[in-house]
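Structure, as structure tokens:
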Amino acid sequence: MNNLIIRKYVIDDFNEVIKLLKDNFNISDNIKSIDDNLNSFGMVASFNKKIVGYIRIDKLNNPFKNNYYYFLSYVCVDSNYQNIGIATKMLEFIFNMAKDNNINYIELTSRSSREVANHLYLKTGFVIRDTNVFRKEI
């Protein structure tokens, strides 16, 4: 995979990233932009100049522990490029970036039905926390 490049999302990636997100998640058709800033940004995997992977990263502050962590969301790879190590390479890139930026830990959530994704997370060192995720729609 010499032609795989992992880099920060740029506005020119928008159409390809939105297609990936629509193919992998139930997202709105009304998305007009993906706003990045210092604490919230995307990473893409480009293979032969085609965007084939995306991960959203939010840098969050834990004021009670006085540290920062990354929260990952929308981890996805184009179905035509799955199971060849792209997601693993993307996560490894983010792990190294986290170390370089004094990030203490990385969290994400995943549905139990996403068995392949869950296997990836366990394989790359994530552990399942004993927790429930609650949501209240407003």
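FYI, nothing fancy with the structure tokens labels: chains A, B, ... in order, residues from 1 per chain, ligands from 1 as they appear.
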Mind the document's chain letters and residue numbers, and return as a tab-separated table (two decimals) with N, CA, C and O atoms, in the first residue's frame the residues of chain A that DSSP labels strand (DSSP E).
```tsv
chain	number	residue	atom	x	y	z
A	4	LEU	N	-0.96	4.71	-0.29
A	4	LEU	CA	-1.88	5.15	0.75
A	4	LEU	C	-1.30	6.37	1.46
A	4	LEU	O	-0.18	6.33	1.95
A	5	ILE	N	-2.09	7.44	1.50
A	5	ILE	CA	-1.69	8.66	2.19
A	5	ILE	C	-2.76	8.97	3.23
A	5	ILE	O	-3.95	9.00	2.90
A	6	ILE	N	-2.33	9.21	4.45
A	6	ILE	CA	-3.25	9.60	5.52
A	6	ILE	C	-2.93	11.05	5.86
A	6	ILE	O	-1.78	11.39	6.12
A	7	ARG	N	-3.97	11.88	5.83
A	7	ARG	CA	-3.77	13.32	6.03
A	7	ARG	C	-5.04	13.95	6.57
A	7	ARG	O	-6.10	13.32	6.60
A	8	LYS	N	-4.91	15.21	6.97
A	8	LYS	CA	-6.09	15.93	7.45
A	8	LYS	C	-7.03	16.21	6.29
A	8	LYS	O	-6.62	16.45	5.15
A	40	SER	N	-11.63	20.02	16.43
A	40	SER	CA	-12.53	19.10	15.74
A	40	SER	C	-12.14	19.07	14.27
A	40	SER	O	-12.22	20.09	13.59
A	41	PHE	N	-11.72	17.91	13.81
A	41	PHE	CA	-11.22	17.82	12.45
A	41	PHE	C	-11.35	16.40	11.92
A	41	PHE	O	-11.57	15.46	12.68
A	42	GLY	N	-11.20	16.25	10.63
A	42	GLY	CA	-11.28	14.95	10.00
A	42	GLY	C	-9.93	14.50	9.48
A	42	GLY	O	-9.07	15.32	9.17
A	43	MET	N	-9.77	13.19	9.38
A	43	MET	CA	-8.60	12.60	8.75
A	43	MET	C	-9.11	11.72	7.61
A	43	MET	O	-10.13	11.04	7.76
A	44	VAL	N	-8.42	11.76	6.49
A	44	VAL	CA	-8.79	10.93	5.35
A	44	VAL	C	-7.66	9.99	4.98
A	44	VAL	O	-6.49	10.29	5.22
A	45	ALA	N	-8.04	8.88	4.38
A	45	ALA	CA	-7.09	7.97	3.75
A	45	ALA	C	-7.31	8.10	2.25
A	45	ALA	O	-8.44	7.95	1.77
A	46	SER	N	-6.25	8.40	1.55
A	46	SER	CA	-6.30	8.55	0.10
A	46	SER	C	-5.46	7.44	-0.52
A	46	SER	O	-4.30	7.26	-0.17
A	47	PHE	N	-6.08	6.69	-1.42
A	47	PHE	CA	-5.40	5.60	-2.11
A	47	PHE	C	-5.47	5.87	-3.59
A	47	PHE	O	-6.57	5.96	-4.16
A	50	LYS	N	-7.73	8.71	-4.48
A	50	LYS	CA	-9.17	8.57	-4.20
A	50	LYS	C	-9.34	8.47	-2.69
A	50	LYS	O	-8.64	7.72	-2.03
A	51	ILE	N	-10.29	9.24	-2.14
A	51	ILE	CA	-10.57	9.18	-0.71
A	51	ILE	C	-11.29	7.86	-0.42
A	51	ILE	O	-12.38	7.61	-0.94
A	52	VAL	N	-10.66	7.01	0.39
A	52	VAL	CA	-11.22	5.69	0.68
A	52	VAL	C	-11.50	5.49	2.17
A	52	VAL	O	-12.05	4.46	2.56
A	53	GLY	N	-11.13	6.46	3.01
A	53	GLY	CA	-11.37	6.32	4.44
A	53	GLY	C	-11.52	7.67	5.11
A	53	GLY	O	-11.01	8.68	4.61
A	54	TYR	N	-12.25	7.67	6.22
A	54	TYR	CA	-12.48	8.92	6.96
A	54	TYR	C	-12.66	8.61	8.43
A	54	TYR	O	-13.27	7.59	8.79
A	55	ILE	N	-12.12	9.47	9.27
A	55	ILE	CA	-12.34	9.43	10.72
A	55	ILE	C	-12.47	10.86	11.20
A	55	ILE	O	-11.66	11.72	10.86
A	56	ARG	N	-13.48	11.11	12.00
A	56	ARG	CA	-13.69	12.42	12.62
A	56	ARG	C	-13.07	12.39	14.01
A	56	ARG	O	-13.25	11.42	14.77
A	57	ILE	N	-12.34	13.44	14.37
A	57	ILE	CA	-11.66	13.52	15.66
A	57	ILE	C	-12.09	14.79	16.38
A	57	ILE	O	-12.02	15.89	15.81
A	58	ASP	N	-12.53	14.62	17.62
A	58	ASP	CA	-12.80	15.76	18.48
A	58	ASP	C	-11.79	15.72	19.62
A	58	ASP	O	-11.68	14.70	20.32
A	59	LYS	N	-11.06	16.81	19.78
A	59	LYS	CA	-10.12	16.92	20.91
A	59	LYS	C	-10.90	17.54	22.06
A	59	LYS	O	-11.38	18.67	21.96
A	60	LEU	N	-11.04	16.78	23.15
A	60	LEU	CA	-11.85	17.21	24.27
A	60	LEU	C	-11.01	17.34	25.54
A	60	LEU	O	-10.02	16.63	25.72
A	61	ASN	N	-11.45	18.22	26.41
A	61	ASN	CA	-10.79	18.45	27.68
A	61	ASN	C	-11.55	17.72	28.77
A	61	ASN	O	-12.77	17.82	28.86
A	62	ASN	N	-10.83	16.97	29.59
A	62	ASN	CA	-11.41	16.38	30.78
A	62	ASN	C	-10.95	17.24	31.96
A	62	ASN	O	-9.84	17.06	32.46
A	67	ASN	N	-6.69	16.80	31.68
A	67	ASN	CA	-6.01	16.28	30.50
A	67	ASN	C	-6.93	16.37	29.28
A	67	ASN	O	-8.09	16.75	29.38
A	68	TYR	N	-6.36	16.02	28.13
A	68	TYR	CA	-7.10	16.03	26.88
A	68	TYR	C	-7.19	14.62	26.32
A	68	TYR	O	-6.32	13.79	26.55
A	69	TYR	N	-8.27	14.39	25.56
A	69	TYR	CA	-8.42	13.10	24.90
A	69	TYR	C	-9.06	13.32	23.54
A	69	TYR	O	-9.64	14.37	23.27
A	70	TYR	N	-8.91	12.32	22.68
A	70	TYR	CA	-9.57	12.33	21.38
A	70	TYR	C	-10.82	11.46	21.47
A	70	TYR	O	-10.78	10.36	22.02
A	71	PHE	N	-11.90	11.95	20.88
A	71	PHE	CA	-13.10	11.14	20.70
A	71	PHE	C	-13.27	10.94	19.20
A	71	PHE	O	-13.39	11.91	18.45
A	72	LEU	N	-13.26	9.69	18.76
A	72	LEU	CA	-13.35	9.36	17.34
A	72	LEU	C	-14.79	9.04	16.97
A	72	LEU	O	-15.51	8.38	17.72
A	73	SER	N	-15.19	9.49	15.80
A	73	SER	CA	-16.51	9.16	15.27
A	73	SER	C	-16.44	9.02	13.76
A	73	SER	O	-15.47	9.42	13.13
A	74	TYR	N	-17.46	8.41	13.21
A	74	TYR	CA	-17.57	8.22	11.76
A	74	TYR	C	-16.34	7.52	11.16
A	74	TYR	O	-15.83	7.91	10.12
A	75	VAL	N	-15.89	6.48	11.84
A	75	VAL	CA	-14.77	5.68	11.32
A	75	VAL	C	-15.32	4.84	10.17
A	75	VAL	O	-16.21	4.03	10.37
A	76	CYS	N	-14.79	5.06	8.97
A	76	CYS	CA	-15.31	4.30	7.83
A	76	CYS	C	-14.28	4.17	6.72
A	76	CYS	O	-13.38	5.00	6.57
A	77	VAL	N	-14.44	3.09	5.95
A	77	VAL	CA	-13.62	2.81	4.78
A	77	VAL	C	-14.56	2.40	3.65
A	77	VAL	O	-15.53	1.66	3.88
A	105	TYR	N	-5.71	9.77	26.17
A	105	TYR	CA	-6.41	8.57	25.76
A	105	TYR	C	-7.32	8.88	24.59
A	105	TYR	O	-7.56	10.04	24.25
A	106	ILE	N	-7.83	7.82	23.98
A	106	ILE	CA	-8.73	7.93	22.83
A	106	ILE	C	-9.97	7.10	23.13
A	106	ILE	O	-9.86	5.96	23.60
A	107	GLU	N	-11.14	7.67	22.85
A	107	GLU	CA	-12.39	6.96	23.05
A	107	GLU	C	-13.20	6.94	21.77
A	107	GLU	O	-13.03	7.80	20.90
A	108	LEU	N	-14.08	5.96	21.67
A	108	LEU	CA	-15.06	5.90	20.59
A	108	LEU	C	-16.20	5.02	21.05
A	108	LEU	O	-16.07	4.30	22.05
```
Where does DSSP see helix (DSSP H, G or I) in chain A, if you list the residues as a count of residues only?
41
What separates atom CA of Asn15 of chain A and atom CA of Asn39 of chain A is a distance of 22.3 Å
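Proximity to Asn118 of chain A was assessed for A:Ile103, A:Val17, A:Tyr9, A:Ala87 counting only C-alpha atoms; the smallest distance is recorded for A:Ala87.
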Nearest to Leu21 of chain A, chosen from A:Asp78, A:Asn66, A:Asn2, A:Leu38, with only C-alpha atoms counted in the distances:
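Looking only at the distances to Leu21 of chain A, the closest residue turns out to be A:Asp78.
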Hey, what's within 12 Å of Leu122 of chain A if we count only C-alpha atoms and toss same-chain stuff fewer than 5 positions away? As a list in words, please?
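Surrounding residues, per the criterion: Thr88, Leu91, Leu108, Ser110, Glu115, Val116, Ala117, Val127, Ile128 and Arg129 of chain A.
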d(atom CA of Asn26 of chain A, atom CA of Thr131 of chain A) in Å:
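About the pair atom CA of Asn26 of chain A and atom CA of Thr131 of chain A: they are 24.0 Å apart.
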Which residue out of A:Gln82, A:Asn101, A:Asn48, A:Thr109 has the minimum interatomic distance to Val133 of chain A when only C-alpha atoms are used?
A:Thr109
